[in-house]
file model-v6.cif (mmCIF, C-alpha atoms)
data_input
loop_
_atom_site.group_PDB
_atom_site.id
_atom_site.type_symbol
_atom_site.label_atom_id
_atom_site.label_comp_id
_atom_site.auth_asym_id
_atom_site.auth_seq_id
_atom_site.Cartn_x
_atom_site.Cartn_y
_atom_site.Cartn_z
ATOM 1 C CA MET A 1 163.440 131.787 59.435
ATOM 2 C CA SER A 2 160.364 133.265 61.063
ATOM 3 C CA PRO A 3 159.266 136.693 59.867
ATOM 4 C CA THR A 4 159.953 139.638 62.135
ATOM 5 C CA ARG A 5 157.758 142.711 62.074
ATOM 6 C CA ARG A 6 159.822 145.639 60.880
ATOM 7 C CA THR A 7 159.346 149.029 59.311
ATOM 8 C CA ILE A 8 160.556 149.766 55.806
ATOM 9 C CA GLU A 9 160.366 153.398 54.820
ATOM 10 C CA ARG A 10 157.940 154.408 52.074
ATOM 11 C CA ALA A 11 158.296 156.990 49.338
ATOM 12 C CA ARG A 12 155.712 158.384 46.934
ATOM 13 C CA VAL A 13 155.939 158.660 43.170
ATOM 14 C CA GLY A 14 154.699 161.193 40.661
ATOM 15 C CA ALA A 15 151.707 163.471 40.889
ATOM 16 C CA SER A 16 149.655 160.451 41.954
ATOM 17 C CA ARG A 17 151.673 160.241 45.194
ATOM 18 C CA THR A 18 151.383 156.449 45.042
ATOM 19 C CA PRO A 19 153.323 155.000 48.008
ATOM 20 C CA LEU A 20 156.083 152.422 47.525
ATOM 21 C CA SER A 21 158.042 150.662 50.226
ATOM 22 C CA ARG A 22 161.729 151.358 49.618
ATOM 23 C CA LEU A 23 162.233 147.610 49.329
ATOM 24 C CA GLY A 24 159.732 145.932 47.030
ATOM 25 C CA LEU A 25 158.999 142.342 46.080
ATOM 26 C CA GLY A 26 159.090 141.193 42.468
ATOM 27 C CA THR A 27 156.866 138.208 41.766
ATOM 28 C CA ALA A 28 158.425 136.773 38.591
ATOM 29 C CA LYS A 29 159.438 133.652 40.536
ATOM 30 C CA LEU A 30 156.695 133.713 43.140
ATOM 31 C CA ASN A 31 154.993 130.514 41.981
ATOM 32 C CA ASN A 32 157.741 128.842 39.990
ATOM 33 C CA ARG A 33 157.379 125.722 42.134
ATOM 34 C CA ASP A 34 153.652 125.559 41.435
ATOM 35 C CA ASP A 35 153.172 125.769 45.203
ATOM 36 C CA GLN A 36 150.468 128.240 46.203
ATOM 37 C CA ALA A 37 150.971 127.549 49.893
ATOM 38 C CA GLU A 38 154.603 128.665 49.637
ATOM 39 C CA ALA A 39 153.631 131.694 47.567
ATOM 40 C CA THR A 40 151.137 132.694 50.250
ATOM 41 C CA ARG A 41 153.777 132.264 52.959
ATOM 42 C CA VAL A 42 156.161 134.528 51.017
ATOM 43 C CA VAL A 43 153.572 137.274 50.546
ATOM 44 C CA ALA A 44 152.421 137.088 54.170
ATOM 45 C CA ALA A 45 155.993 137.161 55.450
ATOM 46 C CA ALA A 46 156.849 140.101 53.195
ATOM 47 C CA ILE A 47 153.956 142.126 54.598
ATOM 48 C CA GLU A 48 154.960 141.143 58.124
ATOM 49 C CA MET A 49 158.540 142.250 57.426
ATOM 50 C CA GLY A 50 157.433 145.671 56.217
ATOM 51 C CA VAL A 51 157.386 145.168 52.445
ATOM 52 C CA SER A 52 154.299 146.859 51.034
ATOM 53 C CA TYR A 53 155.113 147.091 47.307
ATOM 54 C CA PHE A 54 154.530 144.073 45.057
ATOM 55 C CA ASP A 55 155.325 144.059 41.339
ATOM 56 C CA THR A 56 153.928 141.525 38.898
ATOM 57 C CA ALA A 57 153.077 141.123 35.193
ATOM 58 C CA PRO A 58 150.974 138.901 32.917
ATOM 59 C CA PHE A 59 154.189 137.689 31.276
ATOM 60 C CA TYR A 60 155.598 136.294 34.516
ATOM 61 C CA GLU A 61 154.942 132.562 34.322
ATOM 62 C CA ILE A 62 152.232 133.338 31.730
ATOM 63 C CA GLY A 63 149.724 134.644 34.229
ATOM 64 C CA GLN A 64 150.628 132.349 37.093
ATOM 65 C CA ALA A 65 152.496 135.032 39.065
ATOM 66 C CA GLU A 66 149.452 137.294 39.073
ATOM 67 C CA LEU A 67 147.222 134.370 40.020
ATOM 68 C CA ALA A 68 149.548 133.409 42.871
ATOM 69 C CA LEU A 69 149.734 136.977 44.206
ATOM 70 C CA GLY A 70 145.959 137.429 43.976
ATOM 71 C CA ALA A 71 145.271 134.119 45.706
ATOM 72 C CA ALA A 72 147.819 134.887 48.426
ATOM 73 C CA LEU A 73 146.292 138.265 49.209
ATOM 74 C CA SER A 74 142.801 136.765 49.210
ATOM 75 C CA GLU A 75 143.876 134.078 51.663
ATOM 76 C CA ILE A 76 145.703 136.548 53.917
ATOM 77 C CA GLY A 77 142.690 138.871 53.998
ATOM 78 C CA GLY A 78 142.479 141.844 56.289
ATOM 79 C CA ASN A 79 142.937 144.382 53.466
ATOM 80 C CA PRO A 80 146.690 144.933 53.986
ATOM 81 C CA ASP A 81 148.008 148.386 53.127
ATOM 82 C CA ILE A 82 149.959 147.483 50.004
ATOM 83 C CA THR A 83 150.758 148.807 46.539
ATOM 84 C CA ILE A 84 150.580 146.553 43.468
ATOM 85 C CA SER A 85 152.005 147.183 40.032
ATOM 86 C CA THR A 86 151.404 145.131 36.915
ATOM 87 C CA LYS A 87 152.191 145.591 33.242
ATOM 88 C CA VAL A 88 150.673 145.756 29.775
ATOM 89 C CA GLY A 89 152.121 145.068 26.346
ATOM 90 C CA ARG A 90 151.851 141.309 26.174
ATOM 91 C CA ILE A 91 148.633 139.328 25.826
ATOM 92 C CA VAL A 92 148.981 135.922 27.452
ATOM 93 C CA ASP A 93 146.956 132.729 27.307
ATOM 94 C CA PRO A 94 147.618 130.756 30.512
ATOM 95 C CA ALA A 95 145.742 127.756 29.094
ATOM 96 C CA THR A 96 148.200 127.289 26.221
ATOM 97 C CA GLY A 97 151.266 129.188 27.444
ATOM 98 C CA ALA A 98 151.147 131.362 24.330
ATOM 99 C CA TRP A 99 151.668 135.126 24.303
ATOM 100 C CA HIS A 100 152.102 137.962 21.837
ATOM 101 C CA TYR A 101 152.952 141.656 21.943
ATOM 102 C CA ASP A 102 150.049 144.084 21.792
ATOM 103 C CA PHE A 103 150.517 147.776 22.589
ATOM 104 C CA SER A 104 147.244 148.868 21.014
ATOM 105 C CA ARG A 105 144.488 150.530 23.020
ATOM 106 C CA ASP A 106 142.376 147.396 22.847
ATOM 107 C CA GLY A 107 145.359 145.277 23.846
ATOM 108 C CA VAL A 108 146.086 147.482 26.852
ATOM 109 C CA LEU A 109 142.471 147.359 28.014
ATOM 110 C CA ARG A 110 142.184 143.586 27.524
ATOM 111 C CA SER A 111 145.482 142.953 29.283
ATOM 112 C CA LEU A 112 144.540 145.106 32.256
ATOM 113 C CA GLU A 113 141.107 143.519 32.546
ATOM 114 C CA SER A 114 142.680 140.047 32.578
ATOM 115 C CA SER A 115 145.258 141.122 35.160
ATOM 116 C CA LEU A 116 142.586 142.497 37.477
ATOM 117 C CA GLY A 117 140.760 139.190 37.239
ATOM 118 C CA ARG A 118 143.852 137.159 38.085
ATOM 119 C CA LEU A 119 144.745 139.532 40.933
ATOM 120 C CA GLN A 120 141.147 139.473 42.249
ATOM 121 C CA ARG A 121 141.094 143.267 42.390
ATOM 122 C CA ASP A 122 139.051 146.070 40.893
ATOM 123 C CA HIS A 123 141.941 148.564 40.912
ATOM 124 C CA VAL A 124 145.693 148.454 40.451
ATOM 125 C CA ASP A 125 148.051 151.099 41.794
ATOM 126 C CA ILE A 126 150.681 151.229 39.028
ATOM 127 C CA VAL A 127 150.646 149.981 35.442
ATOM 128 C CA TYR A 128 153.871 149.827 33.451
ATOM 129 C CA VAL A 129 154.218 149.478 29.698
ATOM 130 C CA HIS A 130 156.337 146.330 29.577
ATOM 131 C CA ASP A 131 159.467 146.187 27.398
ATOM 132 C CA PRO A 132 158.319 148.107 24.314
ATOM 133 C CA ASP A 133 161.864 147.965 22.878
ATOM 134 C CA ASP A 134 160.827 147.197 19.305
ATOM 135 C CA HIS A 135 157.415 148.860 19.641
ATOM 136 C CA ALA A 136 158.332 152.389 20.710
ATOM 137 C CA GLY A 137 156.056 153.999 18.142
ATOM 138 C CA GLU A 138 152.979 152.050 19.194
ATOM 139 C CA ALA A 139 153.785 152.534 22.870
ATOM 140 C CA SER A 140 153.986 156.293 22.316
ATOM 141 C CA ALA A 141 150.928 156.481 20.076
ATOM 142 C CA THR A 142 148.534 154.223 21.991
ATOM 143 C CA ALA A 143 149.759 152.324 25.060
ATOM 144 C CA ILE A 144 151.031 155.219 27.174
ATOM 145 C CA PRO A 145 148.192 157.619 26.215
ATOM 146 C CA THR A 146 145.645 154.908 27.073
ATOM 147 C CA LEU A 147 147.181 154.415 30.514
ATOM 148 C CA LEU A 148 147.346 158.153 31.142
ATOM 149 C CA GLU A 149 143.658 158.384 30.287
ATOM 150 C CA LEU A 150 142.869 155.551 32.695
ATOM 151 C CA ARG A 151 144.899 157.314 35.393
ATOM 152 C CA ASP A 152 142.999 160.549 34.830
ATOM 153 C CA GLU A 153 139.730 158.627 35.151
ATOM 154 C CA GLY A 154 140.857 157.032 38.425
ATOM 155 C CA VAL A 155 140.851 153.513 36.994
ATOM 156 C CA ILE A 156 144.541 153.074 37.826
ATOM 157 C CA GLY A 157 146.742 154.975 40.227
ATOM 158 C CA ALA A 158 149.976 155.672 38.372
ATOM 159 C CA VAL A 159 151.615 155.123 34.985
ATOM 160 C CA GLY A 160 155.114 154.025 34.120
ATOM 161 C CA VAL A 161 157.367 152.131 31.747
ATOM 162 C CA GLY A 162 159.384 149.050 32.694
ATOM 163 C CA MET A 163 162.454 148.178 30.643
ATOM 164 C CA ASN A 164 165.964 146.693 30.673
ATOM 165 C CA GLN A 165 167.442 149.727 28.911
ATOM 166 C CA TRP A 166 167.583 153.427 29.814
ATOM 167 C CA GLN A 167 167.435 155.149 26.410
ATOM 168 C CA LEU A 168 163.744 154.618 25.570
ATOM 169 C CA PRO A 169 162.582 155.312 29.126
ATOM 170 C CA LEU A 170 164.448 158.611 28.903
ATOM 171 C CA GLU A 171 162.519 159.454 25.734
ATOM 172 C CA PHE A 172 159.228 158.547 27.390
ATOM 173 C CA VAL A 173 160.039 160.594 30.506
ATOM 174 C CA ARG A 174 160.755 163.619 28.331
ATOM 175 C CA ASN A 175 157.579 163.234 26.257
ATOM 176 C CA PHE A 176 154.910 162.075 28.728
ATOM 177 C CA ASP A 177 153.636 162.894 32.198
ATOM 178 C CA LEU A 178 154.775 159.632 33.759
ATOM 179 C CA ASP A 179 154.809 158.825 37.465
ATOM 180 C CA VAL A 180 157.486 156.138 37.667
ATOM 181 C CA ILE A 181 160.067 154.164 35.696
ATOM 182 C CA LEU A 182 161.065 150.566 36.419
ATOM 183 C CA ILE A 183 164.639 150.126 35.192
ATOM 184 C CA ALA A 184 166.130 146.620 35.417
ATOM 185 C CA GLY A 185 169.836 145.874 35.446
ATOM 186 C CA ARG A 186 170.999 149.352 34.418
ATOM 187 C CA TYR A 187 171.802 150.634 37.896
ATOM 188 C CA SER A 188 173.999 148.120 39.630
ATOM 189 C CA LEU A 189 177.555 147.628 40.837
ATOM 190 C CA LEU A 190 178.410 146.370 37.349
ATOM 191 C CA ASP A 191 176.342 148.752 35.216
ATOM 192 C CA ALA A 192 175.235 152.201 36.376
ATOM 193 C CA SER A 193 174.502 153.521 32.874
ATOM 194 C CA ALA A 194 170.995 154.721 33.821
ATOM 195 C CA ALA A 195 172.530 157.309 36.143
ATOM 196 C CA ALA A 196 174.038 159.424 33.374
ATOM 197 C CA GLU A 197 170.882 160.803 31.731
ATOM 198 C CA LEU A 198 167.773 158.916 32.813
ATOM 199 C CA PHE A 199 168.089 159.490 36.555
ATOM 200 C CA PRO A 200 168.690 163.251 36.297
ATOM 201 C CA ALA A 201 165.689 163.560 33.971
ATOM 202 C CA CYS A 202 163.521 161.666 36.444
ATOM 203 C CA LEU A 203 164.674 163.860 39.317
ATOM 204 C CA GLU A 204 164.006 166.998 37.296
ATOM 205 C CA ARG A 205 160.471 165.899 36.399
ATOM 206 C CA GLY A 206 159.508 164.294 39.690
ATOM 207 C CA VAL A 207 159.354 160.781 38.217
ATOM 208 C CA GLY A 208 160.024 157.940 40.649
ATOM 209 C CA VAL A 209 162.520 155.203 39.803
ATOM 210 C CA VAL A 210 162.110 151.571 40.783
ATOM 211 C CA VAL A 211 165.498 149.883 40.535
ATOM 212 C CA GLY A 212 165.269 146.229 39.549
ATOM 213 C CA GLY A 213 167.976 143.742 38.707
ATOM 214 C CA VAL A 214 170.445 144.950 41.340
ATOM 215 C CA PHE A 215 172.034 141.487 41.254
ATOM 216 C CA ASN A 216 172.235 141.557 37.416
ATOM 217 C CA SER A 217 170.369 138.224 37.262
ATOM 218 C CA GLY A 218 172.636 136.515 39.793
ATOM 219 C CA ILE A 219 176.285 137.450 39.488
ATOM 220 C CA LEU A 220 176.084 140.089 42.242
ATOM 221 C CA ALA A 221 174.414 137.643 44.602
ATOM 222 C CA ASP A 222 176.736 134.700 43.973
ATOM 223 C CA PRO A 223 179.651 135.144 41.549
ATOM 224 C CA SER A 224 180.218 131.421 41.079
ATOM 225 C CA ASP A 225 181.384 129.771 37.864
ATOM 226 C CA ALA A 226 177.711 129.223 36.957
ATOM 227 C CA ALA A 227 176.742 132.865 37.566
ATOM 228 C CA THR A 228 174.709 134.773 34.993
ATOM 229 C CA PHE A 229 174.789 138.417 33.941
ATOM 230 C CA ALA A 230 171.756 139.780 32.079
ATOM 231 C CA TYR A 231 170.371 136.219 31.971
ATOM 232 C CA ARG A 232 173.393 134.841 30.111
ATOM 233 C CA PRO A 233 176.547 133.099 31.380
ATOM 234 C CA ALA A 234 178.735 135.785 32.915
ATOM 235 C CA ALA A 235 181.901 136.749 31.063
ATOM 236 C CA ALA A 236 185.230 136.082 32.749
ATOM 237 C CA ASP A 237 186.054 139.767 33.289
ATOM 238 C CA LEU A 238 182.697 140.371 35.001
ATOM 239 C CA LEU A 239 183.215 137.348 37.246
ATOM 240 C CA GLU A 240 186.661 138.628 38.188
ATOM 241 C CA LYS A 241 185.289 142.051 39.072
ATOM 242 C CA ALA A 242 182.353 140.657 41.065
ATOM 243 C CA ARG A 243 184.649 138.346 43.011
ATOM 244 C CA ALA A 244 186.978 141.241 43.800
ATOM 245 C CA MET A 245 183.953 143.163 45.138
ATOM 246 C CA GLN A 246 182.968 140.103 47.148
ATOM 247 C CA THR A 247 186.415 140.026 48.748
ATOM 248 C CA VAL A 248 186.137 143.688 49.779
ATOM 249 C CA ALA A 249 182.645 143.119 51.180
ATOM 250 C CA ALA A 250 183.828 140.100 53.176
ATOM 251 C CA ARG A 251 186.547 142.185 54.829
ATOM 252 C CA HIS A 252 183.714 144.284 56.267
ATOM 253 C CA GLY A 253 181.675 141.260 57.344
ATOM 254 C CA LEU A 254 179.166 141.659 54.540
ATOM 255 C CA ALA A 255 177.929 139.594 51.620
ATOM 256 C CA LEU A 256 178.234 140.956 48.092
ATOM 257 C CA ALA A 257 174.429 140.862 47.835
ATOM 258 C CA ASP A 258 174.190 143.184 50.850
ATOM 259 C CA VAL A 259 176.337 145.764 49.107
ATOM 260 C CA ALA A 260 174.589 145.355 45.749
ATOM 261 C CA GLN A 261 171.206 145.987 47.311
ATOM 262 C CA ALA A 262 172.427 149.048 49.227
ATOM 263 C CA PHE A 263 174.006 150.447 46.066
ATOM 264 C CA GLY A 264 170.670 150.214 44.238
ATOM 265 C CA ALA A 265 168.969 152.243 46.955
ATOM 266 C CA ALA A 266 171.623 154.936 47.303
ATOM 267 C CA HIS A 267 170.943 157.205 44.334
ATOM 268 C CA PRO A 268 168.513 160.068 45.133
ATOM 269 C CA ALA A 269 166.443 159.085 42.081
ATOM 270 C CA SER A 270 165.918 155.587 43.482
ATOM 271 C CA THR A 271 162.454 155.296 45.016
ATOM 272 C CA SER A 272 162.350 151.547 45.588
ATOM 273 C CA VAL A 273 164.618 148.546 45.065
ATOM 274 C CA LEU A 274 162.803 145.519 43.677
ATOM 275 C CA VAL A 275 164.058 142.031 44.549
ATOM 276 C CA GLY A 276 162.631 138.687 43.527
ATOM 277 C CA VAL A 277 162.488 135.668 45.818
ATOM 278 C CA THR A 278 161.328 132.064 45.688
ATOM 279 C CA ASP A 279 160.860 131.331 49.392
ATOM 280 C CA VAL A 280 160.601 132.904 52.842
ATOM 281 C CA GLU A 281 164.255 132.223 53.657
ATOM 282 C CA GLN A 282 165.464 134.155 50.633
ATOM 283 C CA LEU A 283 163.038 136.953 51.445
ATOM 284 C CA GLY A 284 164.380 137.103 54.990
ATOM 285 C CA ARG A 285 167.951 137.422 53.761
ATOM 286 C CA ASN A 286 167.008 140.329 51.510
ATOM 287 C CA VAL A 287 165.121 142.115 54.278
ATOM 288 C CA ASP A 288 167.981 141.547 56.708
ATOM 289 C CA ALA A 289 170.376 142.987 54.115
ATOM 290 C CA TRP A 290 168.149 146.045 53.769
ATOM 291 C CA HIS A 291 168.630 146.857 57.440
ATOM 292 C CA LYS A 292 172.398 146.296 57.518
ATOM 293 C CA HIS A 293 174.787 149.193 57.985
ATOM 294 C CA ILE A 294 177.213 149.591 55.092
ATOM 295 C CA PRO A 295 180.287 151.431 56.412
ATOM 296 C CA ALA A 296 181.639 154.378 54.476
ATOM 297 C CA GLN A 297 185.041 152.711 54.385
ATOM 298 C CA LEU A 298 183.658 149.904 52.235
ATOM 299 C CA TRP A 299 182.745 152.330 49.457
ATOM 300 C CA LEU A 300 186.162 153.961 49.769
ATOM 301 C CA ASP A 301 187.828 150.540 49.501
ATOM 302 C CA LEU A 302 185.825 149.675 46.403
ATOM 303 C CA GLU A 303 186.688 153.040 44.898
ATOM 304 C CA ALA A 304 190.378 152.618 45.664
ATOM 305 C CA ALA A 305 190.340 149.232 43.947
ATOM 306 C CA GLY A 306 188.667 150.714 40.843
ATOM 307 C CA LEU A 307 185.619 148.520 41.333
ATOM 308 C CA LEU A 308 182.805 151.068 41.267
ATOM 309 C CA PRO A 309 180.933 151.895 38.045
ATOM 310 C CA ALA A 310 180.867 155.322 36.457
ATOM 311 C CA GLY A 311 177.935 157.364 37.736
ATOM 312 C CA GLY A 312 177.485 155.290 40.864
ATOM 313 C CA LEU A 313 176.470 156.992 44.080
ATOM 314 C CA SER A 314 177.142 155.641 47.552
ATOM 315 C CA PRO A 315 174.927 156.233 50.610
ATOM 316 C CA GLN A 316 177.561 158.752 51.700
ATOM 317 C CA GLY A 317 176.963 160.743 48.526
ATOM 318 C CA GLN A 318 180.276 159.970 46.841
ATOM 319 C CA THR A 319 180.374 159.603 43.063
ATOM 320 C CA TRP A 320 182.966 157.964 40.860
ATOM 321 C CA ASP A 321 184.240 158.449 37.341
ATOM 322 C CA GLY A 322 184.773 154.708 36.946
ATOM 323 C CA GLN A 323 187.567 152.844 35.191
#

call {"tool": "encode", "arguments": {"input": "model-v6.cif", "output": "structure tokens"}}
result
Amino acid sequence: MSPTRRTIERARVGASRTPLSRLGLGTAKLNNRDDQAEATRVVAAAIEMGVSYFDTAPFYEIGQAELALGAALSEIGGNPDITISTKVGRIVDPATGAWHYDFSRDGVLRSLESSLGRLQRDHVDIVYVHDPDDHAGEASATAIPTLLELRDEGVIGAVGVGMNQWQLPLEFVRNFDLDVILIAGRYSLLDASAAAELFPACLERGVGVVVGGVFNSGILADPSDAATFAYRPAAADLLEKARAMQTVAARHGLALADVAQAFGAAHPASTSVLVGVTDVEQLGRNVDAWHKHIPAQLWLDLEAAGLLPAGGLSPQGQTWDGQ
């Protein structure tokens, strides 16, 4: 598939007004084939297709994702108008593959300095505190305040927290002047739990939300027997529900992944939907899905079948109590 130049709308987050394309590219699998040429093709094609937001982290492939993104952008050249986010909270050693948590001020500064080196940049647009689930106290006492200080000094553009749960991000949103939250797997066709309290708090405080994990690690892209949910083998009841959704989508000429991606973008709190890809073909499918029309009747059919999660919001503005 050859890339086609398109426009993907941008939105801005927080007081920083950092711009994000409404469809973003996660880089966790960008270089999982140890193929820089393919990684460069993916990044170049994404930019050509209108994607301008790229998310990465030191933890992804123990530094290799950041290296691949930095090398790709260096090779592409031309200073493309993009936004990059990375994360702090884990110190990695690419030479040995070892890593450890570190939410201290020194750890944050060392992590960011290493990330900038791997990305070949002197500035990063967004920095998230990465999965501080068991380190909430240290994240509150040192990691987030350090990033806010760096934002105020102009060293970074915006500050956020990236997690797979909604409860701690809600606490951080209430207690700190954050710009954006990256929430993975908690706003999807199978789990919309972030919509109950976190999303309203973000809307109230002007905090952007990046929705990751809209496929719940695979089941909402391909609900096969080998499908995973939250990175574990999917339970039988989840497979049954996903396959029922797939049947409804097919009646409208759509793939389940098309609907899952549209659902992630529909909530007014959702600033950007983050998808990960391994090659240009997969990227093209996601971009094509972004531009597809999802008919209102599809959401009504899913609702009638009891297949929509509590708190979900369709592009037509309908909400459901769930089953």

call {"tool": "residues_around", "arguments": {"input": "model-v6.cif", "residues": "Asp177 in chain A", "least_positions_apart": "2", "cutoff": "9 Å", "atoms": "all atoms listed in the file", "output": "list in words"}}
result
Gly14, Ala15, Leu148, Val159, Phe172, Val173, Arg174, Asn175, Asp179, Arg205 and Val207 of chain A

call {"tool": "write_last_selection", "arguments": {"input": "model-v6.cif", "atoms": "C-alpha atoms", "output": "PDB file, in the coordinates of the input"}}
result
ATOM      1  CA  GLY A  14     154.699 161.193  40.661  1.00  0.00           C
ATOM      2  CA  ALA A  15     151.707 163.471  40.889  1.00  0.00           C
ATOM      3  CA  LEU A 148     147.346 158.153  31.142  1.00  0.00           C
ATOM      4  CA  VAL A 159     151.615 155.123  34.985  1.00  0.00           C
ATOM      5  CA  PHE A 172     159.228 158.547  27.390  1.00  0.00           C
ATOM      6  CA  VAL A 173     160.039 160.594  30.506  1.00  0.00           C
ATOM      7  CA  ARG A 174     160.755 163.619  28.331  1.00  0.00           C
ATOM      8  CA  ASN A 175     157.579 163.234  26.257  1.00  0.00           C
ATOM      9  CA  ASP A 179     154.809 158.825  37.465  1.00  0.00           C
ATOM     10  CA  ARG A 205     160.471 165.899  36.399  1.00  0.00           C
ATOM     11  CA  VAL A 207     159.354 160.781  38.217  1.00  0.00           C
TER      12      VAL A 207
END

call {"tool": "residues_around", "arguments": {"input": "model-v6.cif", "residues": "Gly253 in chain A", "least_positions_apart": "6", "cutoff": "12 Å", "atoms": "all atoms listed in the file", "output": "list in words"}}
result
Gln246, Thr247, Val259, Ala289, Lys292, His293, Ile294, Pro295 and Leu298 of chain A

call {"tool": "atom_distance", "arguments": {"input": "model-v6.cif", "atom1": "CA of Glu303 in chain A", "atom2": "CA of Ala269 in chain A"}}
result
21.3 Å

call {"tool": "atom_distance", "arguments": {"input": "model-v6.cif", "atom1": "CA of Leu178 in chain A", "atom2": "CA of Gln261 in chain A"}}
result
25.3 Å

call {"tool": "atom_distance", "arguments": {"input": "model-v6.cif", "atom1": "CA of Asp122 in chain A", "atom2": "CA of Val88 in chain A"}}
result
16.1 Å

call {"tool": "closest_atom_pairs", "arguments": {"input": "model-v6.cif", "of": "range 229-250 of chain A", "to": "range 306-311 of chain A", "cutoff": "9 Å", "atoms": "all atoms listed in the file", "output": "JSON lines"}}
result
{"residue": "A:Lys241", "atom": "CA", "partner": "A:Leu307", "partner_atom": "CA", "distance": 6.9}
{"residue": "A:Ala242", "atom": "CA", "partner": "A:Leu307", "partner_atom": "CA", "distance": 8.5}
{"residue": "A:Ala244", "atom": "CA", "partner": "A:Leu307", "partner_atom": "CA", "distance": 7.8}
{"residue": "A:Met245", "atom": "CA", "partner": "A:Leu307", "partner_atom": "CA", "distance": 6.8}

call {"tool": "closest_residue", "arguments": {"input": "model-v6.cif", "among": "A:Pro132, A:Pro58, A:Gly208, A:Gly154", "to": "Gln167 in chain A", "atoms": "all atoms listed in the file"}}
result
A:Pro132

call {"tool": "resolve_selection", "arguments": {"input": "model-v6.cif", "expression": "the PyMOL selection byres ((chain A and resi 84) around 10)", "output": "ChimeraX atom specification"}}
result
/A:19-20,24-25,52-56,69,82-83,85-86,119,123-127,157

call {"tool": "closest_residue", "arguments": {"input": "model-v6.cif", "among": "A:Asp102, A:Tyr60, A:Ile8, A:Glu75", "to": "Gln36 in chain A", "atoms": "all atoms listed in the file"}}
result
A:Glu75

call {"tool": "closest_residue", "arguments": {"input": "model-v6.cif", "among": "A:Val161, A:Leu23, A:Leu67, A:Ala201", "to": "Lys87 in chain A", "atoms": "all atoms listed in the file"}}
result
A:Val161

call {"tool": "closest_residue", "arguments": {"input": "model-v6.cif", "among": "A:Ala11, A:Ala235, A:Leu73, A:Ala192", "to": "Ala45 in chain A", "atoms": "all atoms listed in the file"}}
result
A:Leu73
